[in-house]
file data-v1.pdb (PDB, C-alpha atoms and all ligand atoms)
ATOM      1  CA  MET A   1     -54.982 -31.599 -14.292
ATOM      2  CA  LYS A   2     -58.025 -32.790 -12.244
ATOM      3  CA  LYS A   3     -59.942 -33.401 -15.509
ATOM      4  CA  ILE A   4     -57.145 -35.610 -16.849
ATOM      5  CA  ILE A   5     -57.015 -37.634 -13.599
ATOM      6  CA  ASP A   6     -60.854 -38.032 -13.629
ATOM      7  CA  ARG A   7     -60.732 -39.236 -17.225
ATOM      8  CA  ILE A   8     -58.056 -41.831 -16.390
ATOM      9  CA  PHE A   9     -60.147 -43.116 -13.445
ATOM     10  CA  ASN A  10     -63.283 -43.251 -15.629
ATOM     11  CA  HIS A  11     -61.388 -45.333 -18.155
ATOM     12  CA  ILE A  12     -60.152 -47.710 -15.459
ATOM     13  CA  GLY A  13     -63.748 -48.030 -14.167
ATOM     14  CA  PHE A  14     -65.070 -48.723 -17.665
ATOM     15  CA  TYR A  15     -62.543 -51.496 -18.347
ATOM     16  CA  ARG A  16     -63.113 -53.032 -14.906
ATOM     17  CA  ASN A  17     -66.883 -53.149 -15.494
ATOM     18  CA  TYR A  18     -66.394 -54.388 -19.046
ATOM     19  CA  SER A  19     -64.216 -57.326 -17.984
ATOM     20  CA  ARG A  20     -66.487 -58.116 -15.002
ATOM     21  CA  LYS A  21     -69.482 -58.275 -17.357
ATOM     22  CA  HIS A  22     -67.691 -60.782 -19.547
ATOM     23  CA  GLU A  23     -66.615 -62.883 -16.568
ATOM     24  CA  MET A  24     -70.197 -62.860 -15.267
ATOM     25  CA  TYR A  25     -71.622 -64.583 -18.326
ATOM     26  CA  PRO A  26     -68.991 -67.126 -19.399
ATOM     27  CA  HIS A  27     -71.768 -69.405 -20.747
ATOM     28  CA  VAL A  28     -73.278 -67.011 -23.280
ATOM     29  CA  HIS A  29     -70.920 -67.894 -26.116
ATOM     30  CA  LEU A  30     -71.277 -71.003 -28.313
ATOM     31  CA  ASN A  31     -69.067 -72.650 -25.754
ATOM     32  CA  SER A  32     -66.929 -75.773 -25.906
ATOM     33  CA  GLU A  33     -69.702 -77.869 -24.248
ATOM     34  CA  ILE A  34     -72.114 -77.083 -27.097
ATOM     35  CA  GLN A  35     -69.362 -77.706 -29.657
ATOM     36  CA  LYS A  36     -68.657 -81.041 -27.947
ATOM     37  CA  ALA A  37     -72.355 -81.993 -28.086
ATOM     38  CA  LEU A  38     -72.434 -81.250 -31.805
ATOM     39  CA  SER A  39     -69.403 -83.432 -32.534
ATOM     40  CA  ILE A  40     -70.463 -86.577 -30.576
ATOM     41  CA  ASP A  41     -70.632 -89.757 -32.646
ATOM     42  CA  THR A  42     -74.268 -90.885 -32.416
ATOM     43  CA  SER A  43     -74.044 -94.147 -34.382
ATOM     44  CA  ASN A  44     -74.573 -96.453 -31.333
ATOM     45  CA  PHE A  45     -77.154 -94.315 -29.595
ATOM     46  CA  LYS A  46     -80.046 -95.835 -27.677
ATOM     47  CA  LEU A  47     -82.346 -93.660 -25.594
ATOM     48  CA  LEU A  48     -82.723 -94.840 -22.002
ATOM     49  CA  ILE A  49     -86.211 -93.845 -20.917
ATOM     50  CA  ASN A  50     -86.791 -93.467 -17.192
ATOM     51  CA  THR A  51     -90.360 -94.681 -16.692
ATOM     52  CA  GLU A  52     -90.466 -93.468 -13.057
ATOM     53  CA  LEU A  53     -90.088 -89.891 -14.244
ATOM     54  CA  THR A  54     -93.236 -89.961 -16.365
ATOM     55  CA  LYS A  55     -95.418 -92.269 -14.259
ATOM     56  CA  GLN A  56     -96.899 -89.331 -12.346
ATOM     57  CA  PHE A  57     -98.204 -87.755 -15.576
ATOM     58  CA  LEU A  58     -99.520 -90.911 -17.253
ATOM     59  CA  LEU A  59    -103.211 -90.914 -18.046
ATOM     60  CA  GLU A  60    -105.055 -93.921 -19.483
ATOM     61  CA  ASP A  61    -108.394 -92.227 -19.920
ATOM     62  CA  PHE A  62    -108.579 -88.810 -21.586
ATOM     63  CA  SER A  63    -112.338 -88.387 -21.092
ATOM     64  CA  GLY A  64    -111.919 -86.157 -18.014
ATOM     65  CA  LEU A  65    -109.626 -83.710 -19.811
ATOM     66  CA  PRO A  66    -111.005 -80.327 -20.879
ATOM     67  CA  GLU A  67    -111.578 -79.712 -24.600
ATOM     68  CA  SER A  68    -109.083 -77.430 -26.423
ATOM     69  CA  LYS A  69    -111.960 -75.079 -27.262
ATOM     70  CA  ASP A  70    -112.654 -74.637 -23.537
ATOM     71  CA  ILE A  71    -109.000 -74.073 -22.676
ATOM     72  CA  PHE A  72    -108.623 -71.435 -25.393
ATOM     73  CA  SER A  73    -111.777 -69.487 -24.653
ATOM     74  CA  ILE A  74    -113.303 -67.359 -21.915
ATOM     75  CA  ASN A  75    -117.088 -67.353 -21.471
ATOM     76  CA  GLY A  76    -117.482 -69.022 -24.880
ATOM     77  CA  LYS A  77    -115.378 -66.408 -26.721
ATOM     78  CA  MET A  78    -112.190 -67.689 -28.354
ATOM     79  CA  LEU A  79    -108.983 -66.031 -27.140
ATOM     80  CA  PRO A  80    -106.816 -64.175 -29.719
ATOM     81  CA  CYS A  81    -104.223 -67.017 -29.650
ATOM     82  CA  TRP A  82    -106.776 -69.261 -31.430
ATOM     83  CA  LEU A  83    -106.271 -69.061 -35.205
ATOM     84  CA  GLU A  84    -109.103 -70.628 -37.214
ATOM     85  CA  SER A  85    -106.488 -71.499 -39.880
ATOM     86  CA  ASP A  86    -104.760 -73.775 -37.298
ATOM     87  CA  ASN A  87    -107.962 -75.750 -36.905
ATOM     88  CA  ASN A  88    -107.788 -77.813 -40.097
ATOM     89  CA  LEU A  89    -109.127 -81.238 -40.978
ATOM     90  CA  GLU A  90    -105.865 -82.794 -42.218
ATOM     91  CA  ASP A  91    -104.218 -82.542 -38.819
ATOM     92  CA  ASP A  92    -106.157 -82.324 -35.567
ATOM     93  CA  TRP A  93    -103.212 -81.079 -33.442
ATOM     94  CA  LEU A  94    -105.156 -78.097 -32.120
ATOM     95  CA  THR A  95    -108.217 -80.033 -30.986
ATOM     96  CA  THR A  96    -107.015 -83.538 -30.126
ATOM     97  CA  LYS A  97    -107.041 -84.401 -26.421
ATOM     98  CA  SER A  98    -103.556 -85.822 -26.733
ATOM     99  CA  TYR A  99    -102.021 -82.371 -27.257
ATOM    100  CA  TYR A 100    -102.968 -79.245 -25.307
ATOM    101  CA  PRO A 101    -105.541 -80.937 -23.023
ATOM    102  CA  LEU A 102    -102.850 -83.490 -22.087
ATOM    103  CA  TYR A 103    -100.357 -80.640 -21.518
ATOM    104  CA  PHE A 104    -103.033 -79.107 -19.273
ATOM    105  CA  HIS A 105    -103.040 -82.311 -17.210
ATOM    106  CA  ILE A 106     -99.209 -82.398 -17.016
ATOM    107  CA  VAL A 107     -98.867 -78.761 -15.908
ATOM    108  CA  LYS A 108    -101.779 -79.077 -13.452
ATOM    109  CA  THR A 109    -100.339 -82.257 -11.924
ATOM    110  CA  PHE A 110     -96.862 -80.756 -11.644
ATOM    111  CA  SER A 111     -98.085 -77.509 -10.051
ATOM    112  CA  THR A 112    -100.393 -79.129  -7.477
ATOM    113  CA  ASN A 113     -99.195 -78.406  -3.918
ATOM    114  CA  LYS A 114     -96.805 -75.691  -5.128
ATOM    115  CA  SER A 115     -97.223 -72.140  -3.874
ATOM    116  CA  LYS A 116     -95.760 -70.547  -6.994
ATOM    117  CA  LEU A 117     -94.613 -71.626 -10.428
ATOM    118  CA  ARG A 118     -92.151 -69.988 -12.821
ATOM    119  CA  VAL A 119     -92.438 -71.123 -16.440
ATOM    120  CA  LEU A 120     -90.124 -70.313 -19.361
ATOM    121  CA  GLU A 121     -91.150 -71.096 -22.934
ATOM    122  CA  ILE A 122     -88.806 -70.967 -25.919
ATOM    123  CA  GLY A 123     -91.076 -70.579 -28.962
ATOM    124  CA  VAL A 124     -94.389 -68.933 -28.031
ATOM    125  CA  ARG A 125     -96.071 -68.517 -31.454
ATOM    126  CA  THR A 126     -99.570 -67.219 -30.539
ATOM    127  CA  GLY A 127     -99.423 -68.494 -26.958
ATOM    128  CA  TYR A 128    -101.275 -71.833 -26.842
ATOM    129  CA  PHE A 129     -98.940 -73.395 -24.273
ATOM    130  CA  GLY A 130     -98.857 -70.142 -22.292
ATOM    131  CA  VAL A 131    -102.663 -70.165 -22.083
ATOM    132  CA  VAL A 132    -102.592 -73.840 -21.024
ATOM    133  CA  CYS A 133    -100.306 -72.840 -18.114
ATOM    134  CA  ALA A 134    -102.461 -69.865 -17.137
ATOM    135  CA  LYS A 135    -105.595 -72.034 -17.094
ATOM    136  CA  ALA A 136    -104.036 -75.139 -15.466
ATOM    137  CA  VAL A 137    -102.066 -73.535 -12.641
ATOM    138  CA  GLU A 138    -103.949 -72.641  -9.463
ATOM    139  CA  CYS A 139    -100.990 -71.248  -7.500
ATOM    140  CA  SER A 140     -99.138 -68.033  -8.306
ATOM    141  CA  LEU A 141     -97.684 -68.099 -11.843
ATOM    142  CA  LEU A 142     -95.033 -66.197 -13.771
ATOM    143  CA  TYR A 143     -94.767 -67.104 -17.459
ATOM    144  CA  VAL A 144     -91.816 -65.863 -19.542
ATOM    145  CA  GLY A 145     -91.850 -66.441 -23.314
ATOM    146  CA  VAL A 146     -89.174 -65.871 -25.956
ATOM    147  CA  ASP A 147     -90.031 -65.739 -29.670
ATOM    148  CA  PRO A 148     -88.822 -63.746 -32.704
ATOM    149  CA  ASN A 149     -92.290 -63.801 -34.361
ATOM    150  CA  ILE A 150     -90.942 -65.918 -37.227
ATOM    151  CA  TYR A 151     -93.958 -68.243 -37.695
ATOM    152  CA  VAL A 152     -96.736 -65.719 -37.055
ATOM    153  CA  GLU A 153     -95.876 -62.066 -37.639
ATOM    154  CA  ASN A 154     -98.008 -60.761 -34.771
ATOM    155  CA  GLY A 155     -97.731 -63.936 -32.658
ATOM    156  CA  LEU A 156     -96.481 -62.200 -29.503
ATOM    157  CA  GLU A 157     -99.223 -59.585 -29.772
ATOM    158  CA  LEU A 158    -101.883 -62.322 -29.963
ATOM    159  CA  ALA A 159    -100.257 -64.153 -27.052
ATOM    160  CA  SER A 160    -100.139 -60.936 -25.037
ATOM    161  CA  LYS A 161    -103.838 -60.164 -25.662
ATOM    162  CA  SER A 162    -104.765 -63.724 -24.658
ATOM    163  CA  PHE A 163    -102.703 -63.607 -21.453
ATOM    164  CA  GLU A 164    -104.083 -60.160 -20.600
ATOM    165  CA  SER A 165    -107.672 -61.431 -20.878
ATOM    166  CA  ILE A 166    -106.871 -64.197 -18.415
ATOM    167  CA  ARG A 167    -104.891 -61.881 -16.128
ATOM    168  CA  SER A 168    -107.820 -59.515 -15.787
ATOM    169  CA  LYS A 169    -109.695 -62.381 -14.098
ATOM    170  CA  LYS A 170    -106.882 -64.226 -12.341
ATOM    171  CA  ILE A 171    -104.904 -62.963  -9.391
ATOM    172  CA  ASN A 172    -101.266 -63.981  -8.870
ATOM    173  CA  TYR A 173    -100.624 -64.376 -12.589
ATOM    174  CA  ASP A 174     -98.130 -62.415 -14.637
ATOM    175  CA  TYR A 175     -96.204 -62.773 -17.867
ATOM    176  CA  VAL A 176     -93.247 -61.351 -19.780
ATOM    177  CA  LEU A 177     -92.857 -61.707 -23.554
ATOM    178  CA  ILE A 178     -89.440 -61.215 -25.135
ATOM    179  CA  ASN A 179     -89.175 -60.602 -28.863
ATOM    180  CA  GLY A 180     -85.941 -62.346 -29.849
ATOM    181  CA  LEU A 181     -84.031 -65.570 -30.423
ATOM    182  CA  SER A 182     -83.170 -67.981 -27.632
ATOM    183  CA  ASN A 183     -79.705 -68.383 -29.124
ATOM    184  CA  ASP A 184     -79.011 -64.639 -28.842
ATOM    185  CA  PRO A 185     -76.365 -64.110 -26.092
ATOM    186  CA  HIS A 186     -78.191 -60.979 -24.869
ATOM    187  CA  ILE A 187     -81.395 -62.951 -24.339
ATOM    188  CA  GLN A 188     -79.448 -65.791 -22.696
ATOM    189  CA  SER A 189     -77.728 -63.427 -20.275
ATOM    190  CA  SER A 190     -81.039 -61.716 -19.435
ATOM    191  CA  LEU A 191     -82.575 -65.122 -18.653
ATOM    192  CA  ALA A 192     -79.495 -66.086 -16.631
ATOM    193  CA  CYS A 193     -80.206 -63.066 -14.401
ATOM    194  CA  SER A 194     -83.931 -63.782 -14.054
ATOM    195  CA  GLY A 195     -84.006 -66.568 -11.462
ATOM    196  CA  LEU A 196     -84.486 -70.306 -11.998
ATOM    197  CA  PHE A 197     -87.633 -71.837 -13.531
ATOM    198  CA  ASP A 198     -89.856 -74.776 -12.493
ATOM    199  CA  ILE A 199     -90.866 -75.667 -16.069
ATOM    200  CA  ILE A 200     -89.043 -74.868 -19.308
ATOM    201  CA  HIS A 201     -90.861 -75.736 -22.529
ATOM    202  CA  ILE A 202     -88.517 -75.952 -25.535
ATOM    203  CA  ASP A 203     -90.420 -75.474 -28.790
ATOM    204  CA  GLY A 204     -88.460 -72.878 -30.795
ATOM    205  CA  ASN A 205     -85.746 -73.499 -33.355
ATOM    206  CA  HIS A 206     -86.105 -77.008 -34.789
ATOM    207  CA  THR A 207     -82.552 -77.614 -36.045
ATOM    208  CA  LEU A 208     -80.256 -79.994 -34.166
ATOM    209  CA  LYS A 209     -77.969 -77.114 -33.208
ATOM    210  CA  GLY A 210     -80.936 -75.001 -32.058
ATOM    211  CA  LYS A 211     -82.287 -77.820 -29.868
ATOM    212  CA  ILE A 212     -78.851 -78.495 -28.365
ATOM    213  CA  ILE A 213     -78.379 -74.814 -27.488
ATOM    214  CA  ASP A 214     -81.857 -74.641 -25.926
ATOM    215  CA  ILE A 215     -81.351 -77.830 -23.870
ATOM    216  CA  TYR A 216     -77.938 -76.616 -22.697
ATOM    217  CA  PHE A 217     -79.310 -73.288 -21.422
ATOM    218  CA  ALA A 218     -82.456 -74.912 -20.051
ATOM    219  CA  SER A 219     -80.210 -77.195 -17.956
ATOM    220  CA  LYS A 220     -78.650 -74.037 -16.460
ATOM    221  CA  PHE A 221     -81.928 -72.162 -15.921
ATOM    222  CA  ILE A 222     -84.019 -75.005 -14.421
ATOM    223  CA  LYS A 223     -84.532 -75.652 -10.704
ATOM    224  CA  THR A 224     -83.155 -78.969  -9.386
ATOM    225  CA  ASP A 225     -86.648 -80.450  -9.142
ATOM    226  CA  GLY A 226     -87.868 -78.683 -12.306
ATOM    227  CA  LEU A 227     -89.076 -80.166 -15.594
ATOM    228  CA  ILE A 228     -87.712 -79.467 -19.066
ATOM    229  CA  LEU A 229     -90.345 -80.323 -21.693
ATOM    230  CA  LEU A 230     -89.459 -80.904 -25.347
ATOM    231  CA  ASP A 231     -92.229 -80.916 -27.898
ATOM    232  CA  ASP A 232     -91.962 -82.869 -31.200
ATOM    233  CA  TYR A 233     -90.130 -85.880 -29.761
ATOM    234  CA  ASN A 234     -91.525 -87.969 -32.652
ATOM    235  CA  PHE A 235     -91.766 -85.168 -35.187
ATOM    236  CA  HIS A 236     -89.189 -83.344 -37.377
ATOM    237  CA  SER A 237     -87.364 -86.707 -37.961
ATOM    238  CA  ASP A 238     -85.233 -87.689 -34.940
ATOM    239  CA  ILE A 239     -83.812 -84.237 -34.190
ATOM    240  CA  VAL A 240     -85.316 -83.901 -30.701
ATOM    241  CA  GLN A 241     -84.285 -87.438 -29.639
ATOM    242  CA  ASN A 242     -80.833 -86.907 -31.114
ATOM    243  CA  ALA A 243     -80.359 -83.638 -29.196
ATOM    244  CA  ILE A 244     -81.645 -85.203 -25.945
ATOM    245  CA  ASN A 245     -79.212 -88.101 -26.318
ATOM    246  CA  ARG A 246     -76.257 -85.773 -26.757
ATOM    247  CA  ALA A 247     -77.301 -83.731 -23.719
ATOM    248  CA  PHE A 248     -77.636 -86.956 -21.696
ATOM    249  CA  LYS A 249     -74.190 -88.199 -22.778
ATOM    250  CA  LEU A 250     -72.652 -84.949 -21.565
ATOM    251  CA  GLN A 251     -74.682 -85.147 -18.318
ATOM    252  CA  TRP A 252     -76.422 -81.798 -18.839
ATOM    253  CA  ILE A 253     -79.536 -83.804 -18.069
ATOM    254  CA  LYS A 254     -79.787 -86.688 -15.592
ATOM    255  CA  SER A 255     -82.933 -88.487 -16.695
ATOM    256  CA  ILE A 256     -85.263 -88.695 -19.669
ATOM    257  CA  GLY A 257     -88.966 -89.418 -19.610
ATOM    258  CA  TYR A 258     -91.456 -89.666 -22.453
ATOM    259  CA  ILE A 259     -95.176 -88.922 -22.703
ATOM    260  CA  ALA A 260     -97.176 -90.061 -25.739
ATOM    261  CA  THR A 261     -98.678 -86.714 -26.700
ATOM    262  CA  LYS A 262     -99.761 -85.978 -30.283
ATOM    263  CA  ARG A 263     -96.164 -85.353 -31.413
ATOM    264  CA  GLY A 264     -94.389 -86.909 -28.436
ATOM    265  CA  LEU A 265     -93.100 -85.033 -25.419
ATOM    266  CA  GLY A 266     -89.650 -85.466 -23.905
ATOM    267  CA  VAL A 267     -89.587 -84.800 -20.149
ATOM    268  CA  LEU A 268     -86.127 -84.119 -18.763
ATOM    269  CA  ARG A 269     -84.598 -83.567 -15.363
ATOM    270  CA  ALA A 270     -81.253 -81.783 -15.107
TER     271      ALA A 270
HETATM  272  C1  LIG B   1     -93.982 -74.618 -33.027
HETATM  273  S1  LIG B   1     -94.047 -72.906 -32.725
HETATM  274  C2  LIG B   1     -94.322 -72.811 -30.979
HETATM  275  C3  LIG B   1     -95.712 -73.177 -30.562
HETATM  276  C4  LIG B   1     -95.995 -72.834 -29.112
HETATM  277  N1  LIG B   1     -95.097 -73.508 -28.212
HETATM  278  C5  LIG B   1     -97.442 -73.182 -28.743
HETATM  279  O1  LIG B   1     -97.665 -74.048 -27.903
HETATM  280  O2  LIG B   1     -98.342 -72.591 -29.301
HETATM  281  C6  LIG B   1     -92.368 -72.460 -32.859
HETATM  282  C7  LIG B   1     -92.071 -71.009 -32.542
HETATM  283  O3  LIG B   1     -90.676 -70.880 -32.330
HETATM  284  C8  LIG B   1     -90.252 -69.621 -32.763
HETATM  285  N2  LIG B   1     -88.787 -69.679 -32.920
HETATM  286  C9  LIG B   1     -88.056 -70.070 -33.980
HETATM  287  N3  LIG B   1     -86.741 -69.981 -33.700
HETATM  288  C10 LIG B   1     -86.642 -69.529 -32.418
HETATM  289  C11 LIG B   1     -85.562 -69.224 -31.540
HETATM  290  N4  LIG B   1     -84.290 -69.372 -31.918
HETATM  291  N5  LIG B   1     -85.839 -68.766 -30.302
HETATM  292  C12 LIG B   1     -87.127 -68.611 -29.890
HETATM  293  N6  LIG B   1     -88.185 -68.903 -30.671
HETATM  294  C13 LIG B   1     -87.947 -69.352 -31.905
HETATM  295  C14 LIG B   1     -91.062 -69.357 -34.011
HETATM  296  O4  LIG B   1     -91.198 -67.971 -34.275
HETATM  297  C15 LIG B   1     -92.406 -70.013 -33.651
HETATM  298  O5  LIG B   1     -93.307 -69.044 -33.176
END
call {"tool": "encode", "arguments": {"input": "data-v1.pdb", "output": "structure tokens"}}
result
Amino acid sequence: MKKIIDRIFNHIGFYRNYSRKHEMYPHVHLNSEIQKALSIDTSNFKLLINTELTKQFLLEDFSGLPESKDIFSINGKMLPCWLESDNNLEDDWLTTKSYYPLYFHIVKTFSTNKSKLRVLEIGVRTGYFGVVCAKAVECSLLYVGVDPNIYVENGLELASKSFESIRSKKINYDYVLINGLSNDPHIQSSLACSGLFDIIHIDGNHTLKGKIIDIYFASKFIKTDGLILLDDYNFHSDIVQNAINRAFKLQWIKSIGYIATKRGLGVLRA
């Protein structure tokens, strides 16, 4: 008799926990907000750029910026994130000062006078942006990266080795790498339970739907004074601008800034 009563109570406990879990994460499904964003009519769209937002990061003269080769090396030895095949003559994205060195300036400027910084990156690849953060930030830093290793099979491993090399020399720096998709509800609910972030860099799935999902969750996971950065503002046709506009219309984000990096960088505040 006792066994039967215990079993009934266990079942009640299970169902209570199960329904609580689903109430706790109402946002993890492709919810009506994301559906709404996808169905907005964009024919009369015009992006309203807030120049105040980006003024603090503007830089006329790039001569004082570090070289990419210096950012991605320690004592003259290139870090594992650096792939020689990325360094090609047709496109100088890896070495131009208007890409990672300019990101270095943005992250450094934003983190000055902070005691700690929490960064989330969607789309890590081999960890270039993660290394930029580790080198640019002087205060305590936690970097969290999510990537399914689609572009580079061992991308997370290379990122991890690069971050570890820096961590062995830098106190107050740590990182977490998650192998998965940012649109996976399990990943989203893990991030929802991980505390808010100061910077979120969105550079993963490059479809309109993927960008909209990432901006939506970034707007939930960012601190009130945090920065959401979107790479490829002027790349991959107008997908990034289109997604930003939809997010702005639905007030997920309150202001939009722009920095003229190699491929354009959207800077958002939620
Ligand atoms: C342009 S690369 C990122 C470059 C990286 N931000 C850097 O600075 O080196 C895009 C990355 O996004 C990853 N990716 C694609 N879809 C994704 C998704 N749904 N969630 C997370 N990452 C994704 C790919 O595996 C790829 O490594």
call {"tool": "residues_near_ligand", "arguments": {"input": "data-v1.pdb", "ligand": "ligand LIG 1 (chain B)", "cutoff": "10 Å", "atoms": "only C-alpha atoms and all ligand atoms", "output": "MDAnalysis selection string"}}
result
chainID A and resid 81:82 94 99:100 103 121:132 145:156 159 178:184 187 201:207 210:211 213:214 230:232
call {"tool": "atom_distance", "arguments": {"input": "data-v1.pdb", "atom1": "atom CA of Phe217 of chain A", "atom2": "atom CA of Leu191 of chain A"}}
result
9.2 Å
call {"tool": "closest_residue", "arguments": {"input": "data-v1.pdb", "among": "A:Leu141, A:Ala260, A:Ile166, A:Leu265", "to": "Ser111 of chain A", "atoms": "all atoms listed in the file"}}
result
A:Leu141
call {"tool": "resolve_selection", "arguments": {"input": "data-v1.pdb", "expression": "the PyMOL selection byres (((chain A and resi 73) around 12) and not hetatm)", "output": "list in words"}}
result
Pro66, Glu67, Ser68, Lys69, Asp70, Ile71, Phe72, Ile74, Asn75, Gly76, Lys77, Met78, Leu79, Pro80, Cys81, Trp82, Leu83, Tyr128, Val131, Val132, Ala134, Lys135, Ser162, Phe163, Ser165 and Ile166 of chain A
call {"tool": "atom_distance", "arguments": {"input": "data-v1.pdb", "atom1": "atom CA of Leu142 of chain A", "atom2": "atom CA of Tyr175 of chain A"}}
result
5.5 Å
call {"tool": "residues_around", "arguments": {"input": "data-v1.pdb", "residues": "Phe248 of chain A", "least_positions_apart": "6", "cutoff": "12 Å", "atoms": "all atoms listed in the file", "output": "PDB file with C-alpha atoms, in the frame of the given file"}}
result
ATOM      1  CA  ALA A  37     -72.355 -81.993 -28.086  1.00  0.00           C
ATOM      2  CA  ILE A  40     -70.463 -86.577 -30.576  1.00  0.00           C
ATOM      3  CA  THR A  42     -74.268 -90.885 -32.416  1.00  0.00           C
ATOM      4  CA  PHE A  45     -77.154 -94.315 -29.595  1.00  0.00           C
ATOM      5  CA  LYS A  46     -80.046 -95.835 -27.677  1.00  0.00           C
ATOM      6  CA  LEU A  47     -82.346 -93.660 -25.594  1.00  0.00           C
ATOM      7  CA  LEU A  48     -82.723 -94.840 -22.002  1.00  0.00           C
ATOM      8  CA  ILE A  49     -86.211 -93.845 -20.917  1.00  0.00           C
ATOM      9  CA  ILE A 212     -78.851 -78.495 -28.365  1.00  0.00           C
ATOM     10  CA  ILE A 215     -81.351 -77.830 -23.870  1.00  0.00           C
ATOM     11  CA  TYR A 216     -77.938 -76.616 -22.697  1.00  0.00           C
ATOM     12  CA  SER A 219     -80.210 -77.195 -17.956  1.00  0.00           C
ATOM     13  CA  GLN A 241     -84.285 -87.438 -29.639  1.00  0.00           C
ATOM     14  CA  ASN A 242     -80.833 -86.907 -31.114  1.00  0.00           C
ATOM     15  CA  LYS A 254     -79.787 -86.688 -15.592  1.00  0.00           C
ATOM     16  CA  SER A 255     -82.933 -88.487 -16.695  1.00  0.00           C
ATOM     17  CA  ILE A 256     -85.263 -88.695 -19.669  1.00  0.00           C
ATOM     18  CA  GLY A 257     -88.966 -89.418 -19.610  1.00  0.00           C
ATOM     19  CA  LEU A 268     -86.127 -84.119 -18.763  1.00  0.00           C
ATOM     20  CA  ARG A 269     -84.598 -83.567 -15.363  1.00  0.00           C
ATOM     21  CA  ALA A 270     -81.253 -81.783 -15.107  1.00  0.00           C
TER      22      ALA A 270
END
call {"tool": "axis_aligned_box", "arguments": {"input": "data-v1.pdb", "around": "segment 78-88 of chain A", "padding_each_side": "4 Å", "output": "lines of an AutoDock Vina configuration file"}}
result
center_x = -108.2
center_y = -71.0
center_z = -33.6
size_x = 16.0
size_y = 21.6
size_z = 21.0
call {"tool": "closest_residue", "arguments": {"input": "data-v1.pdb", "among": "A:Cys193, A:Ile259, A:Val119, A:Lys209", "to": "Ala247 of chain A", "atoms": "all atoms listed in the file"}}
result
A:Lys209
call {"tool": "closest_residue", "arguments": {"input": "data-v1.pdb", "among": "A:Leu53, A:Leu208, A:Ala136, A:Val144", "to": "Asp238 of chain A", "atoms": "all atoms listed in the file"}}
result
A:Leu208
call {"tool": "closest_residue", "arguments": {"input": "data-v1.pdb", "among": "A:His105, A:Arg167, A:Arg118, A:Lys36", "to": "Phe221 of chain A", "atoms": "all atoms listed in the file"}}
result
A:Arg118
call {"tool": "closest_residue", "arguments": {"input": "data-v1.pdb", "among": "A:Phe197, A:Tyr143, A:Phe57, A:Tyr233", "to": "Leu102 of chain A", "atoms": "only C-alpha atoms"}}
result
A:Phe57
call {"tool": "atom_distance", "arguments": {"input": "data-v1.pdb", "atom1": "atom CA of Tyr173 of chain A", "atom2": "atom CA of Glu84 of chain A"}}
result
26.8 Å
call {"tool": "residues_around", "arguments": {"input": "data-v1.pdb", "residues": "Ser98 of chain A", "least_positions_apart": "5", "cutoff": "9 Å", "atoms": "all atoms listed in the file", "output": "list in words"}}
result
Phe62, Trp93, Tyr103, Ala260, Thr261, Lys262 and Arg263 of chain A
call {"tool": "closest_residue", "arguments": {"input": "data-v1.pdb", "among": "A:Gly264, A:Glu157, A:Asp86, A:Lys55", "to": "Ser237 of chain A", "atoms": "all atoms listed in the file"}}
result
A:Gly264
call {"tool": "residues_near_point", "arguments": {"input": "data-v1.pdb", "point": "(-94.9, -79.4, -20.0)", "cutoff": "8 Å", "atoms": "all atoms listed in the file", "output": "mmCIF file with C-alpha atoms, in the frame of the given file"}}
result
data_model
loop_
_atom_site.group_PDB
_atom_site.id
_atom_site.type_symbol
_atom_site.label_atom_id
_atom_site.label_comp_id
_atom_site.auth_asym_id
_atom_site.auth_seq_id
_atom_site.Cartn_x
_atom_site.Cartn_y
_atom_site.Cartn_z
ATOM 1 C CA TYR A 103 -100.357 -80.640 -21.518
ATOM 2 C CA ILE A 106 -99.209 -82.398 -17.016
ATOM 3 C CA VAL A 107 -98.867 -78.761 -15.908
ATOM 4 C CA ILE A 199 -90.866 -75.667 -16.069
ATOM 5 C CA ILE A 200 -89.043 -74.868 -19.308
ATOM 6 C CA HIS A 201 -90.861 -75.736 -22.529
ATOM 7 C CA LEU A 227 -89.076 -80.166 -15.594
ATOM 8 C CA ILE A 228 -87.712 -79.467 -19.066
ATOM 9 C CA LEU A 229 -90.345 -80.323 -21.693
ATOM 10 C CA LEU A 230 -89.459 -80.904 -25.347
ATOM 11 C CA VAL A 267 -89.587 -84.800 -20.149
#
call {"tool": "build_atoms", "arguments": {"input": "data-v1.pdb", "residues": "segment 236-242 of chain A", "atoms": "N, CA and C atoms", "output": "mmCIF file, in the frame of the given file"}}
result
data_model
loop_
_atom_site.group_PDB
_atom_site.id
_atom_site.type_symbol
_atom_site.label_atom_id
_atom_site.label_comp_id
_atom_site.auth_asym_id
_atom_site.auth_seq_id
_atom_site.Cartn_x
_atom_site.Cartn_y
_atom_site.Cartn_z
ATOM 1 N N HIS A 236 -90.438 -83.938 -36.847
ATOM 2 C CA HIS A 236 -89.189 -83.344 -37.377
ATOM 3 C C HIS A 236 -88.066 -84.394 -37.365
ATOM 4 N N SER A 237 -88.277 -85.540 -37.964
ATOM 5 C CA SER A 237 -87.364 -86.707 -37.961
ATOM 6 C C SER A 237 -86.932 -87.012 -36.524
ATOM 7 N N ASP A 238 -85.634 -87.300 -36.312
ATOM 8 C CA ASP A 238 -85.233 -87.689 -34.940
ATOM 9 C C ASP A 238 -84.452 -86.580 -34.245
ATOM 10 N N ILE A 239 -84.636 -85.337 -34.700
ATOM 11 C CA ILE A 239 -83.812 -84.237 -34.190
ATOM 12 C C ILE A 239 -83.917 -84.082 -32.670
ATOM 13 N N VAL A 240 -85.141 -84.125 -32.145
ATOM 14 C CA VAL A 240 -85.316 -83.901 -30.701
ATOM 15 C C VAL A 240 -84.652 -85.039 -29.915
ATOM 16 N N GLN A 241 -84.888 -86.301 -30.348
ATOM 17 C CA GLN A 241 -84.285 -87.438 -29.639
ATOM 18 C C GLN A 241 -82.763 -87.386 -29.717
ATOM 19 N N ASN A 242 -82.272 -87.017 -30.896
ATOM 20 C CA ASN A 242 -80.833 -86.907 -31.114
ATOM 21 C C ASN A 242 -80.218 -85.867 -30.166
#
